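Next up, run.txt (compact mmCIF, C-alpha atoms and all ligand atoms):
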# COMPACT_ATOMS: atom_id res chain seq x y z
CA MET A 6 111.36 103.28 171.77
CA PHE A 7 113.67 102.88 174.81
CA ASP A 8 114.01 104.86 178.02
CA VAL A 9 116.88 102.92 179.50
CA ILE A 10 119.76 100.94 178.06
CA ALA A 11 121.51 98.69 180.54
CA PHE A 12 124.90 97.11 180.12
CA ASP A 13 126.59 94.10 181.58
CA ALA A 14 130.20 94.91 182.51
CA ASP A 15 132.55 91.89 182.39
CA ASP A 16 133.24 90.76 178.81
CA THR A 17 130.71 93.28 177.50
CA LEU A 18 132.50 96.56 178.30
CA TRP A 19 135.92 95.19 179.28
CA HIS A 20 137.94 91.98 179.13
CA ASN A 21 137.42 89.66 182.09
CA GLU A 22 137.17 86.00 181.14
CA SER A 23 140.63 86.23 179.59
CA ILE A 24 142.04 86.94 183.08
CA PHE A 25 140.38 83.78 184.41
CA THR A 26 141.63 81.76 181.43
CA MET A 27 145.21 82.95 181.97
CA THR A 28 145.08 82.12 185.68
CA GLN A 29 143.61 78.71 184.98
CA GLU A 30 146.57 78.03 182.67
CA LYS A 31 148.99 78.76 185.51
CA PHE A 32 146.95 76.61 187.87
CA ARG A 33 147.03 73.76 185.35
CA GLU A 34 150.81 74.04 185.13
CA MET A 35 151.11 73.99 188.90
CA LEU A 36 149.20 70.69 189.03
CA SER A 37 150.58 69.39 185.73
CA SER A 38 151.22 65.88 187.08
CA HIS A 39 147.43 65.37 187.22
CA GLY A 40 146.82 66.14 183.54
CA PRO A 41 145.15 69.30 182.20
CA GLU A 42 141.71 67.74 181.59
CA VAL A 43 141.44 66.41 185.13
CA VAL A 44 142.48 69.76 186.60
CA ASP A 45 139.99 71.66 184.42
CA GLN A 46 137.12 69.28 185.13
CA THR A 47 137.72 69.18 188.87
CA LEU A 48 138.04 72.96 189.08
CA SER A 49 134.90 73.49 187.02
CA SER A 50 132.74 71.14 189.10
CA THR A 51 134.14 72.60 192.34
CA GLN A 52 133.34 76.13 191.15
CA ILE A 53 129.77 75.25 190.20
CA LYS A 54 129.24 73.40 193.48
CA ASN A 55 130.53 76.45 195.39
CA LEU A 56 128.58 79.11 193.48
CA LYS A 57 125.68 79.04 195.91
CA LEU A 58 128.06 79.52 198.85
CA PHE A 59 130.63 81.93 197.48
CA GLY A 60 128.83 83.62 194.59
CA TYR A 61 130.50 84.79 191.36
CA GLY A 62 133.88 86.44 191.29
CA ILE A 63 137.58 86.12 191.91
CA LYS A 64 137.42 85.31 195.62
CA GLY A 65 135.18 82.31 195.01
CA PHE A 66 137.50 81.25 192.19
CA ILE A 67 140.54 81.35 194.51
CA LEU A 68 138.77 79.23 197.13
CA SER A 69 137.75 76.76 194.44
CA MET A 70 141.35 76.51 193.17
CA ILE A 71 142.55 75.80 196.72
CA GLU A 72 139.85 73.17 197.21
CA THR A 73 140.69 71.57 193.85
CA SER A 74 144.39 71.44 194.71
CA ILE A 75 143.65 69.76 198.05
CA GLU A 76 141.38 67.23 196.38
CA LEU A 77 143.76 66.36 193.52
CA THR A 78 146.80 65.96 195.78
CA ASP A 79 144.89 64.06 198.49
CA GLY A 80 145.73 66.83 200.93
CA GLU A 81 149.45 66.86 200.06
CA ILE A 82 149.45 70.43 198.70
CA ASN A 83 151.80 72.55 200.80
CA GLY A 84 151.65 76.07 202.19
CA ASN A 85 153.94 77.52 199.51
CA GLU A 86 151.69 76.20 196.78
CA ILE A 87 148.59 77.59 198.48
CA GLN A 88 150.44 80.92 198.74
CA GLN A 89 151.01 80.71 194.98
CA ILE A 90 147.26 80.30 194.42
CA LEU A 91 146.55 83.30 196.67
CA ASP A 92 149.06 85.29 194.62
CA PHE A 93 147.25 84.29 191.40
CA GLY A 94 144.12 85.80 192.97
CA ARG A 95 145.91 89.02 193.99
CA GLU A 96 147.19 89.43 190.45
CA MET A 97 143.68 88.95 189.08
CA LEU A 98 142.25 91.56 191.44
CA ALA A 99 144.93 94.06 190.41
CA ALA A 100 144.71 93.39 186.66
CA PRO A 101 144.28 96.56 184.60
CA ILE A 102 140.88 97.24 183.05
CA GLU A 103 141.07 96.86 179.31
CA LEU A 104 138.00 98.24 177.55
CA LEU A 105 136.73 96.36 174.51
CA PRO A 106 136.97 98.17 171.13
CA ASP A 107 134.54 101.11 170.59
CA VAL A 108 133.13 100.89 174.14
CA GLN A 109 134.15 104.41 175.18
CA GLU A 110 132.71 106.03 172.04
CA VAL A 111 129.45 104.06 172.07
CA ILE A 112 128.75 104.65 175.76
CA ASP A 113 129.53 108.34 175.35
CA GLU A 114 127.20 108.64 172.34
CA LEU A 115 124.29 106.73 173.90
CA SER A 116 124.56 108.55 177.23
CA LYS A 117 123.52 111.75 175.44
CA GLN A 118 120.14 110.26 174.49
CA TYR A 119 119.33 107.57 177.03
CA ARG A 120 119.56 106.76 180.70
CA LEU A 121 122.28 104.15 181.00
CA LEU A 122 122.47 101.51 183.72
CA LEU A 123 125.30 99.16 184.55
CA ILE A 124 124.15 95.79 185.86
CA THR A 125 126.85 93.38 186.94
CA LYS A 126 127.22 90.41 189.24
CA GLY A 127 130.15 89.31 191.36
CA ASP A 128 132.12 90.50 194.37
CA LEU A 129 130.97 93.92 195.51
CA ILE A 130 134.44 95.31 196.28
CA ASP A 131 136.04 93.93 193.14
CA GLN A 132 133.24 95.13 190.86
CA GLU A 133 133.18 98.60 192.44
CA ALA A 134 136.95 98.91 192.00
CA LYS A 135 136.78 97.83 188.37
CA ILE A 136 133.97 100.25 187.58
CA ALA A 137 135.94 103.08 189.18
CA ARG A 138 139.08 102.16 187.22
CA SER A 139 137.19 101.82 183.93
CA GLY A 140 136.67 105.59 183.68
CA LEU A 141 133.07 104.98 182.57
CA VAL A 142 131.22 105.49 185.83
CA ASP A 143 130.00 109.03 185.06
CA TYR A 144 128.10 107.86 182.00
CA PHE A 145 125.77 105.69 184.07
CA THR A 146 122.71 106.95 185.92
CA ALA A 147 123.05 104.01 188.31
CA VAL A 148 125.22 100.98 188.91
CA GLU A 149 123.63 97.76 190.17
CA ILE A 150 125.91 95.06 191.55
CA VAL A 151 123.86 91.92 192.13
CA SER A 152 124.66 88.41 193.36
CA ASP A 153 122.86 86.74 190.47
CA LYS A 154 120.99 87.78 187.35
CA ASN A 155 117.59 86.12 187.12
CA PRO A 156 114.12 87.43 186.17
CA GLN A 157 113.44 88.53 189.78
CA THR A 158 116.67 90.53 189.91
CA TYR A 159 115.75 92.41 186.76
CA LYS A 160 112.15 92.96 187.91
CA LYS A 161 113.37 94.53 191.14
CA ILE A 162 115.79 96.81 189.31
CA LEU A 163 113.09 97.97 186.86
CA LEU A 164 110.70 98.62 189.73
CA ARG A 165 113.29 100.55 191.72
CA HIS A 166 114.13 102.78 188.77
CA LYS A 167 110.50 103.01 187.54
CA ILE A 168 111.30 101.59 184.12
CA ASP A 169 108.63 100.08 181.87
CA ASP A 170 109.85 96.60 180.84
CA SER A 171 108.92 97.18 177.21
CA ARG A 172 111.12 100.30 177.14
CA PHE A 173 114.13 98.55 178.66
CA MET A 174 117.08 97.18 176.73
CA MET A 175 119.82 95.00 178.22
CA VAL A 176 123.12 94.49 176.42
CA GLY A 177 125.48 91.68 177.42
CA ASN A 178 127.67 88.74 176.49
CA SER A 179 125.96 86.02 178.53
CA MET A 180 122.80 84.31 177.28
CA ARG A 181 122.15 82.93 180.75
CA SER A 182 122.58 86.18 182.69
CA ASP A 183 121.95 89.07 180.32
CA ILE A 184 119.56 87.80 177.66
CA VAL A 185 117.24 84.99 178.78
CA PRO A 186 115.97 86.55 182.06
CA VAL A 187 115.40 89.93 180.36
CA VAL A 188 113.41 88.38 177.52
CA GLN A 189 111.45 86.40 180.12
CA ILE A 190 110.25 89.61 181.79
CA GLY A 191 109.32 91.30 178.51
CA GLY A 192 112.38 93.47 177.95
CA HIS A 193 114.60 93.77 174.89
CA ALA A 194 118.01 92.11 174.87
CA VAL A 195 121.07 92.43 172.67
CA HIS A 196 123.60 89.62 172.78
CA ILE A 197 127.22 90.46 171.96
CA PRO A 198 129.20 87.21 172.29
CA TYR A 199 132.72 87.42 173.76
CA ASP A 200 135.58 85.22 172.47
CA THR A 201 135.37 82.85 175.41
CA THR A 202 132.49 82.30 177.78
CA TRP A 203 132.56 80.20 180.89
CA ASP A 204 130.63 76.96 180.26
CA HIS A 205 128.28 77.72 183.13
CA GLU A 206 127.12 80.90 181.39
CA GLN A 207 126.44 78.97 178.17
CA ASN A 208 124.02 76.72 179.97
CA HIS A 209 120.61 78.41 179.71
CA THR A 210 116.92 77.95 179.00
CA TYR A 211 116.12 77.99 175.30
CA ILE A 212 114.49 81.15 174.01
CA ASP A 213 113.30 81.89 170.49
CA PRO A 214 116.06 83.82 168.64
CA ALA A 215 113.27 86.08 167.33
CA ASN A 216 112.99 87.53 170.84
CA TYR A 217 116.45 89.05 171.00
CA THR A 218 119.10 90.47 168.70
CA GLN A 219 122.66 89.31 168.30
CA ILE A 220 125.39 91.60 167.03
CA LYS A 221 129.12 91.00 166.55
CA SER A 222 130.44 94.04 168.39
CA ILE A 223 129.30 96.97 170.49
CA GLY A 224 130.20 99.36 167.66
CA LEU A 225 127.04 98.20 165.87
CA LEU A 226 124.76 99.02 168.80
CA PRO A 227 123.83 102.70 168.14
CA LYS A 228 122.68 101.86 164.60
CA LEU A 229 120.65 98.91 165.90
CA ILE A 230 118.92 101.07 168.52
CA GLU A 231 118.16 103.72 165.93
CA GLU A 232 116.51 101.15 163.67
CA LYS A 233 114.37 99.57 166.42
MG MG B 1 129.51 89.40 181.22
Would you mind writing the file out in structure tokens?
Ligand SMILES: [Mg+2]
Amino acid sequence: MFDVIAFDADDTLWHNESIFTMTQEKFREMLSSHGPEVVDQTLSSTQIKNLKLFGYGIKGFILSMIETSIELTDGEINGNEIQQILDFGREMLAAPIELLPDVQEVIDELSKQYRLLLITKGDLIDQEAKIARSGLVDYFTAVEIVSDKNPQTYKKILLRHKIDDSRFMMVGNSMRSDIVPVVQIGGHAVHIPYDTTWDHEQNHTYIDPANYTQIKSIGLLPKLIEEK
């Protein structure tokens, strides 16, 4: 029934949001005199405001933390504290890749029967480095690193790889990026929720749950594909 199975990377194949959550905790501590809720809210609105300029990824997150710290301290933040924020970012960029359970086995198994694509958004350099470090790159026919995931992005990818939309399956953790746009163009989508999802990714157009499948973990994917 399918020619191509495409996977999201962050929080679908490996842990990612947890790295952001941990950094945000440190950032909150650094600005503790302003109260955790205020820090979280200011950072979140700054990030969303900056998305169009900086795109998704760690570099944009670092800039948004710096901007938030300037705003909350009325410009009193000092160079050492900004250095600390830059160091948070360096640590994030160097964080080891930790695959989610069963990922290696499932990708290996499916790669024997299907063309696999990796479709991820974010910083080009960071995403390329993570894919290389994941040890999974050889399983994928192609890797697509895009600035955003919307119906047009997916249409272009399908066109480029000559894939029929009805024979395309996308697997990912984000309703907004991996599921809704794929269903909108007539593809199949499998949602595998991650423990924590950034609020922005939760915010999406409603689609009928009959149009996609949700499973608890990637280990259940081969059986689901077999039954389709
Ligand atoms: Mg993801």
List all protein, DNA and RNA residues that have at least one atom no more than 7 Å from any atom of ligand MG 1 (chain B), counting only C-alpha atoms and all ligand atoms, and write them as number ranges by chain.
A: 13-17, 177-179
Pick the closest to A:Lys64 from A:Phe7, A:Phe32, A:Phe12, A:Phe25: which is it, counting all atoms listed in the file?
A:Phe25
Using all atoms listed in the file, which residues of stretch 141-186 of chain A come within 8 Å of stretch 109-128 of chain A, and what is the closest atom pair for each, with the distance in Å to one decimal? Give it as CSV, sorted by chain and residue number.
residue,atom,partner,partner_atom,distance
A:Leu141,CA,A:Gln109,CA,7.5
A:Tyr144,CA,A:Ser116,CA,6.0
A:Phe145,CA,A:Leu121,CA,4.9
A:Thr146,CA,A:Leu121,CA,5.7
A:Ala147,CA,A:Leu122,CA,5.3
A:Val148,CA,A:Leu123,CA,4.7
A:Glu149,CA,A:Ile124,CA,4.8
A:Ile150,CA,A:Thr125,CA,5.0
A:Val151,CA,A:Lys126,CA,4.7
A:Ser152,CA,A:Lys126,CA,5.2
A:Asp153,CA,A:Lys126,CA,5.8
A:Lys154,CA,A:Lys126,CA,7.0
Near-A:Thr202 list (10 Å; only C-alpha atoms; drop same-chain fewer than 3 positions) as a ChimeraX atom specification:
/A:16,21-23,26,178-180,198-199,205-207
Would you mind reading off the distance between atom CA of A:Lys135 and atom CA of A:Leu18, one decimal, in Å?
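So the two atoms, atom CA of A:Lys135 and atom CA of A:Leu18, lie 11.0 Å apart.
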I'd like the neighbourhood of A:Asp92 as a ChimeraX atom specification, where a residue qualifies if any of its atoms comes within 12 Å (using all atoms listed in the file), though same-chain residues fewer than 2 positions away should be ignored.
/A:28,31-32,63-64,67,70-71,85-90,94-99
I'd like to know which of A:Trp19, A:Ser37, A:Asn83, A:Met6 is closest to A:Phe173, using all atoms listed in the file.
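Checking each of A:Trp19, A:Ser37, A:Asn83, A:Met6 against A:Phe173, counting all atoms listed in the file, the winner is A:Met6.
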So that I can check the surroundings of A:Leu48, please list as an MDAnalysis selection string every protein, DNA and RNA residue that reaches within 8 Å of it, counting all atoms listed in the file and ignoring chain neighbours fewer than 2 positions away.
chainID A and resid 44:46 50:52 69:70 73
